[in-house]
>>> print(open('my_file-v8.cif').read())   # mmCIF, C-alpha atoms and all ligand atoms
data_final
loop_
_atom_site.label_atom_id
_atom_site.label_comp_id
_atom_site.auth_asym_id
_atom_site.auth_seq_id
_atom_site.Cartn_x
_atom_site.Cartn_y
_atom_site.Cartn_z
CA MET P 1 0.00 0.00 0.00
CA LYS P 2 1.60 3.24 -1.19
CA THR P 3 0.95 6.78 0.01
CA ALA P 4 1.31 8.42 -3.38
CA PRO P 5 0.19 7.24 -6.82
CA PRO P 6 2.54 4.68 -8.45
CA SER P 7 3.92 7.19 -10.98
CA VAL P 8 4.82 9.59 -8.16
CA GLU P 9 6.45 6.79 -6.14
CA ALA P 10 8.43 5.80 -9.23
CA LEU P 11 9.66 9.37 -9.62
CA ILE P 12 10.66 9.50 -5.94
CA ASP P 13 12.61 6.25 -6.31
CA LEU P 14 14.52 7.62 -9.32
CA MET P 15 15.25 10.92 -7.57
CA ALA P 16 16.52 9.09 -4.46
CA ARG P 17 19.27 7.54 -6.61
CA LEU P 18 20.82 10.96 -7.28
CA PRO P 19 24.02 11.72 -5.34
CA GLY P 20 23.22 14.11 -2.49
CA LEU P 21 19.54 13.14 -2.22
CA GLY P 22 18.30 10.40 0.12
CA PRO P 23 14.78 8.91 0.19
CA ARG P 24 13.37 11.66 2.39
CA SER P 25 14.88 14.61 0.54
CA ALA P 26 13.80 12.97 -2.72
CA ARG P 27 10.20 12.99 -1.43
CA ARG P 28 10.51 16.63 -0.47
CA ALA P 29 11.98 17.53 -3.87
CA VAL P 30 9.20 15.68 -5.71
CA LEU P 31 6.48 17.37 -3.61
CA HIS P 32 8.10 20.71 -4.41
CA LEU P 33 8.14 19.84 -8.11
CA ILE P 34 4.49 18.73 -8.12
CA ARG P 35 3.46 22.02 -6.49
CA LYS P 36 5.36 23.82 -9.27
CA ARG P 37 4.55 21.34 -12.00
CA ALA P 38 3.95 23.89 -14.74
CA LEU P 39 6.90 26.15 -13.89
CA GLN P 40 9.50 23.59 -12.82
CA LEU P 41 8.54 19.94 -13.30
CA GLN P 42 7.68 20.08 -17.02
CA PRO P 43 10.74 22.27 -17.88
CA LEU P 44 12.97 19.89 -15.92
CA ALA P 45 11.51 16.89 -17.77
CA ASP P 46 12.14 18.66 -21.09
CA ALA P 47 15.71 19.68 -20.13
CA MET P 48 16.53 16.11 -19.07
CA ALA P 49 15.12 14.61 -22.27
CA ASP P 50 17.11 17.16 -24.28
CA VAL P 51 20.38 16.34 -22.49
CA ALA P 52 19.71 12.59 -22.59
CA ALA P 53 19.30 12.82 -26.37
CA THR P 54 22.29 15.08 -27.12
CA ALA P 55 25.01 14.77 -24.44
CA ARG P 56 28.23 12.96 -25.41
CA GLU P 57 32.00 13.19 -24.98
CA CYS P 58 33.98 15.94 -26.70
CA LEU P 59 36.05 14.12 -29.31
CA ASN P 60 39.06 16.29 -28.48
CA CYS P 61 39.20 16.56 -24.69
CA GLY P 62 36.55 14.27 -23.17
CA ASN P 63 34.50 17.09 -21.59
CA ILE P 64 30.73 16.89 -21.96
CA ALA P 65 29.55 18.17 -25.33
CA THR P 66 26.40 18.31 -27.43
CA SER P 67 28.31 18.37 -30.71
CA ASP P 68 31.69 16.93 -31.74
CA LEU P 69 33.53 19.57 -29.70
CA CYS P 70 32.76 21.01 -26.26
CA PRO P 71 32.40 24.80 -25.76
CA ILE P 72 36.02 25.06 -24.55
CA CYS P 73 37.52 23.21 -27.53
CA GLU P 74 35.33 25.24 -29.90
CA ASN P 75 36.73 28.47 -28.44
CA GLU P 76 39.92 29.42 -30.34
CA GLU P 77 40.94 31.79 -27.51
CA ARG P 78 41.47 28.75 -25.29
CA ALA P 79 44.20 27.43 -27.65
CA ASP P 80 46.98 29.15 -25.68
CA GLY P 81 49.54 26.33 -25.79
CA THR P 82 48.61 24.82 -22.42
CA ILE P 83 46.60 21.70 -21.64
CA CYS P 84 45.37 20.91 -18.14
CA VAL P 85 45.02 17.16 -17.55
CA VAL P 86 42.24 16.04 -15.18
CA GLU P 87 40.86 12.67 -14.15
CA ASP P 88 37.20 13.33 -14.85
CA VAL P 89 34.72 15.97 -15.95
CA ALA P 90 33.86 16.97 -12.37
CA ASP P 91 37.52 17.96 -11.90
CA LEU P 92 37.46 19.95 -15.16
CA TRP P 93 34.44 21.86 -13.90
CA ALA P 94 36.10 22.42 -10.51
CA MET P 95 39.20 23.90 -12.26
CA GLU P 96 36.99 26.01 -14.52
CA ARG P 97 35.04 27.46 -11.55
CA THR P 98 38.27 29.05 -10.27
CA GLY P 99 38.56 31.08 -13.49
CA GLY P 100 42.35 30.80 -13.10
CA PHE P 101 43.09 28.66 -16.15
CA LYS P 102 42.69 29.98 -19.68
CA GLY P 103 43.88 27.01 -21.74
CA ARG P 104 42.27 23.73 -22.74
CA TYR P 105 41.69 20.48 -20.88
CA HIS P 106 42.24 16.79 -21.34
CA VAL P 107 40.01 14.38 -19.41
CA LEU P 108 41.76 11.07 -18.79
CA GLY P 109 38.66 9.19 -17.69
CA GLY P 110 40.35 7.81 -14.57
CA THR P 111 43.83 7.00 -13.30
CA LEU P 112 46.24 4.15 -13.77
CA SER P 113 45.53 1.53 -11.13
CA ALA P 114 47.24 -1.81 -10.61
CA LEU P 115 44.50 -2.83 -8.18
CA ASP P 116 41.64 -2.10 -10.61
CA ALA P 117 43.68 -3.30 -13.62
CA VAL P 118 43.51 0.10 -15.36
CA GLY P 119 46.40 0.38 -17.83
CA PRO P 120 47.47 3.23 -20.15
CA GLU P 121 45.29 1.84 -22.98
CA ASP P 122 42.17 2.25 -20.78
CA LEU P 123 42.70 6.01 -20.42
CA ARG P 124 42.84 8.79 -23.03
CA LEU P 125 46.64 8.82 -22.91
CA PRO P 126 47.45 8.27 -26.62
CA GLN P 127 45.07 11.14 -27.47
CA LEU P 128 47.00 13.38 -25.06
CA ALA P 129 50.29 12.58 -26.78
CA ASP P 130 48.69 13.35 -30.15
CA ARG P 131 47.31 16.68 -28.98
CA VAL P 132 50.70 17.85 -27.68
CA THR P 133 51.89 17.74 -31.30
CA SER P 134 48.77 18.76 -33.21
CA GLU P 135 47.88 21.70 -30.95
CA GLU P 136 51.47 22.97 -30.60
CA VAL P 137 51.36 22.63 -26.82
CA ARG P 138 54.26 24.02 -24.75
CA GLU P 139 53.03 23.11 -21.26
CA VAL P 140 50.97 20.22 -19.90
CA ILE P 141 49.63 20.98 -16.41
CA LEU P 142 48.70 17.89 -14.41
CA ALA P 143 45.72 18.55 -12.11
CA LEU P 144 45.33 15.02 -10.82
CA ASN P 145 44.01 14.07 -7.41
CA ALA P 146 46.71 13.79 -4.73
CA THR P 147 46.11 10.08 -4.33
CA VAL P 148 48.59 7.25 -4.93
CA ASP P 149 46.98 6.38 -8.27
CA GLY P 150 46.80 10.05 -9.26
CA GLN P 151 50.51 10.50 -8.60
CA THR P 152 51.42 7.25 -10.38
CA THR P 153 49.53 8.54 -13.40
CA ALA P 154 51.30 11.90 -13.18
CA HIS P 155 54.72 10.22 -13.33
CA TYR P 156 53.62 8.05 -16.23
CA ILE P 157 52.56 11.14 -18.21
CA ALA P 158 55.76 13.01 -17.32
CA GLU P 159 57.81 10.10 -18.74
CA MET P 160 55.57 9.71 -21.78
CA LEU P 161 56.00 13.37 -22.73
CA GLU P 162 59.63 13.79 -21.59
CA GLY P 163 61.65 16.02 -23.92
CA ARG P 164 58.59 16.97 -25.96
CA VAL P 165 56.86 19.50 -23.72
CA SER P 166 57.12 21.06 -20.27
CA VAL P 167 55.10 19.01 -17.76
CA THR P 168 54.05 20.71 -14.52
CA SER P 169 51.66 19.75 -11.76
CA LEU P 170 49.51 21.59 -9.25
CA ALA P 171 51.50 22.65 -6.17
CA GLN P 172 51.12 20.69 -2.96
CA GLY P 173 48.39 23.04 -1.83
CA VAL P 174 46.18 20.10 -2.67
CA PRO P 175 45.91 18.09 0.55
CA ILE P 176 47.18 14.50 0.51
CA GLY P 177 44.32 12.17 -0.34
CA GLY P 178 42.17 15.15 -1.31
CA GLU P 179 39.76 15.10 -4.22
CA LEU P 180 39.74 18.23 -6.39
CA ASP P 181 35.99 18.31 -6.75
CA TYR P 182 35.55 18.74 -2.98
CA LEU P 183 38.14 21.53 -2.52
CA ASP P 184 37.32 25.20 -2.19
CA ASP P 185 38.08 27.31 -5.26
CA GLY P 186 40.81 29.36 -3.47
CA THR P 187 42.89 26.27 -2.68
CA ILE P 188 42.71 25.13 -6.29
CA SER P 189 43.62 28.63 -7.55
CA ALA P 190 46.65 28.88 -5.24
CA ALA P 191 47.87 25.41 -6.22
CA LEU P 192 47.54 26.35 -9.88
CA ARG P 193 49.61 29.55 -9.47
CA ALA P 194 52.33 27.65 -7.53
CA ARG P 195 52.57 24.79 -10.00
CA LYS P 196 56.03 23.27 -10.37
CA ALA P 197 57.98 21.35 -13.02
CA LEU P 198 57.91 17.57 -12.54
CA MET C 1 31.80 31.57 -21.61
CA LYS C 2 30.30 28.40 -20.17
CA THR C 3 32.06 25.18 -19.23
CA ALA C 4 29.32 22.87 -20.37
CA PRO C 5 26.99 23.08 -23.38
CA PRO C 6 24.01 25.47 -22.91
CA SER C 7 21.48 22.63 -22.58
CA VAL C 8 23.56 21.06 -19.78
CA GLU C 9 23.95 24.42 -18.00
CA ALA C 10 20.16 24.91 -18.29
CA LEU C 11 19.60 21.52 -16.68
CA ILE C 12 22.04 22.36 -13.87
CA ASP C 13 20.21 25.67 -13.22
CA LEU C 14 16.85 23.88 -12.97
CA MET C 15 18.28 21.18 -10.69
CA ALA C 16 19.85 23.82 -8.41
CA ARG C 17 16.34 25.14 -7.67
CA LEU C 18 15.34 21.87 -6.00
CA PRO C 19 15.17 21.97 -2.20
CA GLY C 20 18.24 20.22 -0.77
CA LEU C 21 20.44 20.77 -3.84
CA GLY C 22 22.73 23.81 -4.22
CA PRO C 23 24.61 24.84 -7.39
CA ARG C 24 27.54 22.51 -6.72
CA SER C 25 25.51 19.44 -5.80
CA ALA C 26 23.29 20.13 -8.81
CA ARG C 27 26.40 19.98 -11.03
CA ARG C 28 27.43 16.73 -9.42
CA ALA C 29 23.94 15.25 -9.85
CA VAL C 30 23.81 16.28 -13.53
CA LEU C 31 27.26 14.79 -14.21
CA HIS C 32 26.11 11.59 -12.57
CA LEU C 33 22.96 11.58 -14.72
CA ILE C 34 24.90 12.19 -17.94
CA ARG C 35 27.20 9.28 -17.13
CA LYS C 36 24.08 7.13 -16.67
CA ARG C 37 22.01 8.78 -19.36
CA ALA C 38 20.44 5.63 -20.74
CA LEU C 39 19.72 4.00 -17.37
CA GLN C 40 18.81 7.03 -15.26
CA LEU C 41 18.51 10.33 -17.15
CA GLN C 42 16.00 9.25 -19.80
CA PRO C 43 13.83 7.30 -17.28
CA LEU C 44 13.86 10.32 -14.96
CA ALA C 45 12.81 12.63 -17.82
CA ASP C 46 9.98 10.24 -18.68
CA ALA C 47 8.85 9.90 -15.04
CA MET C 48 8.80 13.68 -14.63
CA ALA C 49 6.83 14.23 -17.83
CA ASP C 50 4.36 11.55 -16.70
CA VAL C 51 3.85 13.14 -13.28
CA ALA C 52 3.70 16.66 -14.74
CA ALA C 53 0.89 15.51 -17.03
CA THR C 54 -1.14 13.53 -14.49
CA ALA C 55 -0.55 14.77 -10.92
CA ARG C 56 -3.39 16.67 -9.24
CA GLU C 57 -5.15 17.01 -5.89
CA CYS C 58 -7.33 14.21 -4.56
CA LEU C 59 -10.86 15.63 -4.69
CA ASN C 60 -11.65 14.09 -1.30
CA CYS C 61 -8.59 14.72 0.92
CA GLY C 62 -6.13 16.95 -0.98
CA ASN C 63 -3.34 14.34 -1.14
CA ILE C 64 -1.52 13.98 -4.47
CA ALA C 65 -3.46 11.83 -6.92
CA THR C 66 -3.35 10.85 -10.57
CA SER C 67 -7.11 10.26 -10.75
CA ASP C 68 -10.03 11.82 -8.87
CA LEU C 69 -9.10 9.96 -5.68
CA CYS C 70 -5.69 9.28 -4.14
CA PRO C 71 -4.61 5.68 -3.29
CA ILE C 72 -5.64 6.16 0.34
CA CYS C 73 -9.14 7.45 -0.43
CA GLU C 74 -9.57 4.68 -3.02
CA ASN C 75 -8.80 2.07 -0.35
CA GLU C 76 -12.02 1.10 1.47
CA GLU C 77 -10.02 -0.40 4.34
CA ARG C 78 -8.89 3.11 5.25
CA ALA C 79 -12.50 4.18 5.91
CA ASP C 80 -12.27 3.30 9.62
CA GLY C 81 -14.16 6.31 10.99
CA THR C 82 -11.07 8.44 11.69
CA ILE C 83 -9.68 11.37 9.73
CA CYS C 84 -6.22 12.79 10.42
CA VAL C 85 -6.01 16.50 9.58
CA VAL C 86 -2.63 17.79 8.32
CA GLU C 87 -1.43 21.11 6.97
CA ASP C 88 0.16 19.85 3.77
CA VAL C 89 0.99 16.75 1.78
CA ALA C 90 4.52 16.51 3.21
CA ASP C 91 2.95 16.10 6.67
CA LEU C 92 0.56 13.43 5.35
CA TRP C 93 3.54 11.51 3.99
CA ALA C 94 5.42 11.94 7.28
CA MET C 95 2.44 10.51 9.21
CA GLU C 96 2.09 7.69 6.70
CA ARG C 97 5.77 6.72 7.03
CA THR C 98 5.21 5.89 10.71
CA GLY C 99 2.68 3.22 9.71
CA GLY C 100 0.80 4.04 12.94
CA PHE C 101 -2.37 5.50 11.42
CA LYS C 102 -4.85 3.36 9.51
CA GLY C 103 -7.58 5.88 8.69
CA ARG C 104 -7.88 8.64 6.09
CA TYR C 105 -6.42 12.12 5.87
CA HIS C 106 -7.56 15.64 5.22
CA VAL C 107 -5.02 18.13 3.87
CA LEU C 108 -5.92 21.71 4.86
CA GLY C 109 -3.48 23.38 2.48
CA GLY C 110 -2.04 25.63 5.21
CA THR C 111 -3.09 27.12 8.55
CA LEU C 112 -5.19 30.08 9.59
CA SER C 113 -2.94 33.13 9.81
CA ALA C 114 -3.89 36.69 10.71
CA LEU C 115 -0.48 37.89 9.51
CA ASP C 116 -0.77 36.25 6.09
CA ALA C 117 -4.52 36.97 5.88
CA VAL C 118 -5.42 33.29 5.58
CA GLY C 119 -9.04 32.81 6.68
CA PRO C 120 -11.19 29.66 6.99
CA GLU C 121 -12.44 30.08 3.40
CA ASP C 122 -8.84 29.81 2.11
CA LEU C 123 -8.39 26.33 3.59
CA ARG C 124 -10.23 23.05 2.95
CA LEU C 125 -12.29 23.51 6.14
CA PRO C 126 -15.84 23.30 4.68
CA GLN C 127 -14.84 20.04 2.96
CA LEU C 128 -13.69 18.67 6.34
CA ALA C 129 -17.06 19.47 7.92
CA ASP C 130 -18.82 17.75 4.99
CA ARG C 131 -16.66 14.64 5.26
CA VAL C 132 -17.39 14.22 8.98
CA THR C 133 -21.02 13.63 7.98
CA SER C 134 -20.68 11.84 4.66
CA GLU C 135 -17.97 9.41 5.83
CA GLU C 136 -19.58 8.70 9.23
CA VAL C 137 -16.48 9.86 11.08
CA ARG C 138 -16.26 9.35 14.84
CA GLU C 139 -12.83 10.88 15.51
CA VAL C 140 -10.91 13.72 13.88
CA ILE C 141 -7.21 13.64 14.84
CA LEU C 142 -5.43 16.96 14.43
CA ALA C 143 -1.79 16.48 13.37
CA LEU C 144 -0.95 20.15 12.92
CA ASN C 145 2.46 21.69 13.46
CA ALA C 146 3.09 22.91 17.02
CA THR C 147 3.31 26.52 15.88
CA VAL C 148 1.05 29.42 16.93
CA ASP C 149 -0.83 29.28 13.62
CA GLY C 150 -1.09 25.50 13.80
CA GLN C 151 -2.61 25.65 17.29
CA THR C 152 -4.97 28.50 16.32
CA THR C 153 -6.21 26.34 13.47
CA ALA C 154 -6.61 23.36 15.81
CA HIS C 155 -8.87 25.36 18.12
CA TYR C 156 -10.90 26.67 15.20
CA ILE C 157 -11.52 23.09 13.99
CA ALA C 158 -12.38 21.89 17.50
CA GLU C 159 -15.05 24.63 17.74
CA MET C 160 -16.32 24.03 14.21
CA LEU C 161 -16.88 20.31 14.91
CA GLU C 162 -17.97 20.61 18.56
CA GLY C 163 -20.75 18.20 19.49
CA ARG C 164 -20.59 16.42 16.13
CA VAL C 165 -17.45 14.28 16.50
CA SER C 166 -14.60 13.59 18.90
CA VAL C 167 -11.65 15.90 18.12
CA THR C 168 -8.21 14.88 19.39
CA SER C 169 -4.73 16.14 18.69
CA LEU C 170 -1.24 14.67 18.70
CA ALA C 171 0.27 14.60 22.20
CA GLN C 172 2.85 17.19 23.15
CA GLY C 173 5.61 14.86 22.10
CA VAL C 174 5.83 17.21 19.16
CA PRO C 175 8.37 19.88 20.15
CA ILE C 176 7.16 23.49 20.35
CA GLY C 177 7.80 25.19 17.02
CA GLY C 178 8.61 21.85 15.46
CA GLU C 179 7.59 20.93 11.93
CA LEU C 180 6.21 17.41 11.49
CA ASP C 181 8.05 16.78 8.27
CA TYR C 182 11.43 17.16 10.01
CA LEU C 183 10.70 14.90 12.99
CA ASP C 184 11.87 11.33 13.34
CA ASP C 185 9.20 8.70 12.83
CA GLY C 186 9.39 7.47 16.45
CA THR C 187 8.46 10.88 17.86
CA ILE C 188 5.48 11.14 15.56
CA SER C 189 4.37 7.59 16.42
CA ALA C 190 4.56 8.24 20.17
CA ALA C 191 2.65 11.50 19.84
CA LEU C 192 -0.04 9.73 17.85
CA ARG C 193 -0.46 6.99 20.48
CA ALA C 194 -0.67 9.57 23.30
CA ARG C 195 -3.17 11.82 21.50
CA LYS C 196 -5.63 13.62 23.79
CA ALA C 197 -9.11 15.12 23.52
CA LEU C 198 -9.16 18.88 22.86
ZN ZN P 201 36.63 19.58 -25.52
ZN ZN P 202 -7.43 11.30 -0.95
#
>>> encode(input="my_file-v8.cif", output="structure tokens", more="lines below")
Ligand SMILES: [Zn+2]
Ligand SMILES: [Zn+2]
Amino acid sequence: MKTAPPSVEALIDLMARLPGLGPRSARRAVLHLIRKRALQLQPLADAMADVAATARECLNCGNIATSDLCPICENEERADGTICVVEDVADLWAMERTGGFKGRYHVLGGTLSALDAVGPEDLRLPQLADRVTSEEVREVILALNATVDGQTTAHYIAEMLEGRVSVTSLAQGVPIGGELDYLDDGTISAALRARKAL
Amino acid sequence: MKTAPPSVEALIDLMARLPGLGPRSARRAVLHLIRKRALQLQPLADAMADVAATARECLNCGNIATSDLCPICENEERADGTICVVEDVADLWAMERTGGFKGRYHVLGGTLSALDAVGPEDLRLPQLADRVTSEEVREVILALNATVDGQTTAHYIAEMLEGRVSVTSLAQGVPIGGELDYLDDGTISAALRARKAL
């Protein structure tokens, strides 16, 4: 026996699977949306259907795009000879929020991991090597999480690109074990300014 | 200059307006949904469109319904001669979660308020009086928030129904100024069991 109609319960169940929402806050969000069904629920349904139909990976950098290239790769002003390498799109967005980086990105899609059997061929590493040549890059900035796997990946990239381009990494303002996406913007900005050669 | 495509930014803006999600958690939720766009984003879009098209108020009690009557009013077993009066649907759902009440509900749609100029005609009070007769009710249980306006409304209902039906209210296990929807289920259950005549 359910409290709400089955379609409403189904919506609550789907909402409760979102990160940051539990079952109770999902109920509250759905009630809110039903009260504002013309102004918020229908537009949200339309926006989700739109994104579900069009979202994909940028062919160049791995950011989220709705065409072959993401807004950053489409912007010629971002071709300033630097590429910032991040693990995932959330980290790209965290870097971008600081407003401190004016170049382009490269999303690896993870880190090397012996434990999880992730090798170089599972990440977008060959594409990074290609871009260093094709986009006339002079500096690759590694903005990887300060975890063991993140640092292993950083050293792998530094060796892969040795002699071809300057490879730097965010300064140790990033706390050990810290995840970029959870840091405040100021910490990320400071670490970017104090980046050092590997 | 945006980080993500306009349609994705639009989705993030709409998600950030949900209670319980800020701008950063909205970004994280949207990224999560894009990663799972086949399994979660499209189903969520469909569920929202479905609810937006069908959700309305139960004609009898004011709960959310997708037909004239909500699941509780459609269920004859819930016609046990008691009606629990709540301010809004969130409170109905909070009561229902406790599993301690087996009768039907009546959603007022707010409380009397001199400050906000809410009078009896602005709430579903005439409908409550009608239901006491038509549904052969013997007890009306007031589960209103322990606020000044909630208690004013409780006394108004007690006077309106005086001599016609027994009117009780949740025991003072509900903290002063407390909102039902934020209480733990145990507190609500205990207050229901210890309800007293007004
Ligand atoms: Zn791109
Ligand atoms: Zn109903």
>>> interface_residues(input="my_file-v8.cif", of="chain P", to="chain C", cutoff="6 Å", atoms="all atoms listed in the file", output="JSON, numbers by chain")
{"P": [5, 11, 18, 19, 29, 37, 42, 45, 47, 48, 49, 52, 65]}
>>> write_last_selection(input="my_file-v8.cif", atoms="C-alpha atoms", output="mmCIF file, keeping the file's coordinate frame")
data_model
loop_
_atom_site.group_PDB
_atom_site.id
_atom_site.type_symbol
_atom_site.label_atom_id
_atom_site.label_comp_id
_atom_site.auth_asym_id
_atom_site.auth_seq_id
_atom_site.Cartn_x
_atom_site.Cartn_y
_atom_site.Cartn_z
ATOM 1 C CA PRO P 5 0.190 7.240 -6.820
ATOM 2 C CA LEU P 11 9.660 9.370 -9.620
ATOM 3 C CA LEU P 18 20.820 10.960 -7.280
ATOM 4 C CA PRO P 19 24.020 11.720 -5.340
ATOM 5 C CA ALA P 29 11.980 17.530 -3.870
ATOM 6 C CA ARG P 37 4.550 21.340 -12.000
ATOM 7 C CA GLN P 42 7.680 20.080 -17.020
ATOM 8 C CA ALA P 45 11.510 16.890 -17.770
ATOM 9 C CA ALA P 47 15.710 19.680 -20.130
ATOM 10 C CA MET P 48 16.530 16.110 -19.070
ATOM 11 C CA ALA P 49 15.120 14.610 -22.270
ATOM 12 C CA ALA P 52 19.710 12.590 -22.590
ATOM 13 C CA ALA P 65 29.550 18.170 -25.330
#
>>> residues_around(input="my_file-v8.cif", residues="Thr111 of chain C", least_positions_apart="3", cutoff="12 Å", atoms="all atoms listed in the file", output="ChimeraX atom specification")
/C:85-88,107-108,114-125,142-157
>>> atom_distance(input="my_file-v8.cif", atom1="atom ZN of ligand ZN 202 (chain P)", atom2="atom CA of Leu128 of chain C")
12.1 Å
>>> closest_residue(input="my_file-v8.cif", among="P:Val165, P:Cys61, P:Leu112, P:Ala16", to="ligand ZN 201 (chain P)", atoms="all atoms listed in the file")
P:Cys61
>>> axis_aligned_box(input="my_file-v8.cif", around="segment 66-72 of chain P", padding_each_side="8 Å", output="lines of an AutoDock Vina configuration file")
center_x = 31.2
center_y = 21.0
center_z = -28.1
size_x = 25.6
size_y = 24.1
size_z = 23.2
>>> atom_distance(input="my_file-v8.cif", atom1="atom CA of His106 of chain P", atom2="atom CA of Pro126 of chain P")
11.3 Å
>>> closest_residue(input="my_file-v8.cif", among="P:Glu136, P:Asp91, P:Glu77, P:Asp130", to="Gly103 of chain P", atoms="all atoms listed in the file")
P:Glu77
>>> atom_distance(input="my_file-v8.cif", atom1="atom CA of Arg193 of chain P", atom2="atom CA of Asn60 of chain P")
25.5 Å
>>> closest_residue(input="my_file-v8.cif", among="C:Cys73, C:Leu183, C:Met95, C:Pro23", to="ligand ZN 202 (chain P)", atoms="all atoms listed in the file")
C:Cys73
>>> decode(input="my_file-v8.cif", residues="segment 114-120 of chain P", atoms="all heavy atoms", output="CSV table (one decimal), in the first residue's frame")
chain,number,residue,atom,x,y,z
P,114,ALA,N,46.9,-0.4,-10.6
P,114,ALA,CA,47.2,-1.8,-10.6
P,114,ALA,C,46.1,-2.6,-10.0
P,114,ALA,O,45.7,-3.7,-10.5
P,114,ALA,CB,48.5,-2.0,-9.9
P,115,LEU,N,45.5,-2.1,-8.9
P,115,LEU,CA,44.5,-2.8,-8.2
P,115,LEU,C,43.3,-3.1,-9.1
P,115,LEU,O,42.7,-4.2,-9.1
P,115,LEU,CB,44.1,-2.0,-6.9
P,115,LEU,CG,43.5,-2.8,-5.8
P,115,LEU,CD1,44.5,-3.8,-5.2
P,115,LEU,CD2,43.0,-1.9,-4.7
P,116,ASP,N,42.8,-2.0,-9.8
P,116,ASP,CA,41.6,-2.1,-10.6
P,116,ASP,C,42.0,-2.5,-12.0
P,116,ASP,O,41.1,-2.4,-12.9
P,116,ASP,CB,40.9,-0.8,-10.6
P,116,ASP,CG,40.4,-0.4,-9.2
P,116,ASP,OD1,40.1,-1.3,-8.4
P,116,ASP,OD2,40.3,0.8,-8.9
P,117,ALA,N,43.3,-2.9,-12.3
P,117,ALA,CA,43.7,-3.3,-13.6
P,117,ALA,C,43.4,-2.2,-14.7
P,117,ALA,O,42.9,-2.6,-15.8
P,117,ALA,CB,43.1,-4.6,-14.0
P,118,VAL,N,43.6,-1.0,-14.4
P,118,VAL,CA,43.5,0.1,-15.4
P,118,VAL,C,44.9,0.4,-15.9
P,118,VAL,O,45.8,0.9,-15.2
P,118,VAL,CB,42.9,1.4,-14.7
P,118,VAL,CG1,42.8,2.5,-15.8
P,118,VAL,CG2,41.5,1.1,-14.1
P,119,GLY,N,45.1,0.1,-17.2
P,119,GLY,CA,46.4,0.4,-17.8
P,119,GLY,C,46.3,1.6,-18.7
P,119,GLY,O,45.2,2.2,-18.9
P,120,PRO,N,47.4,2.0,-19.3
P,120,PRO,CA,47.5,3.2,-20.1
P,120,PRO,C,46.4,3.2,-21.3
P,120,PRO,O,45.9,4.2,-21.7
P,120,PRO,CB,48.9,3.2,-20.7
P,120,PRO,CG,49.7,2.5,-19.7
P,120,PRO,CD,48.8,1.4,-19.2
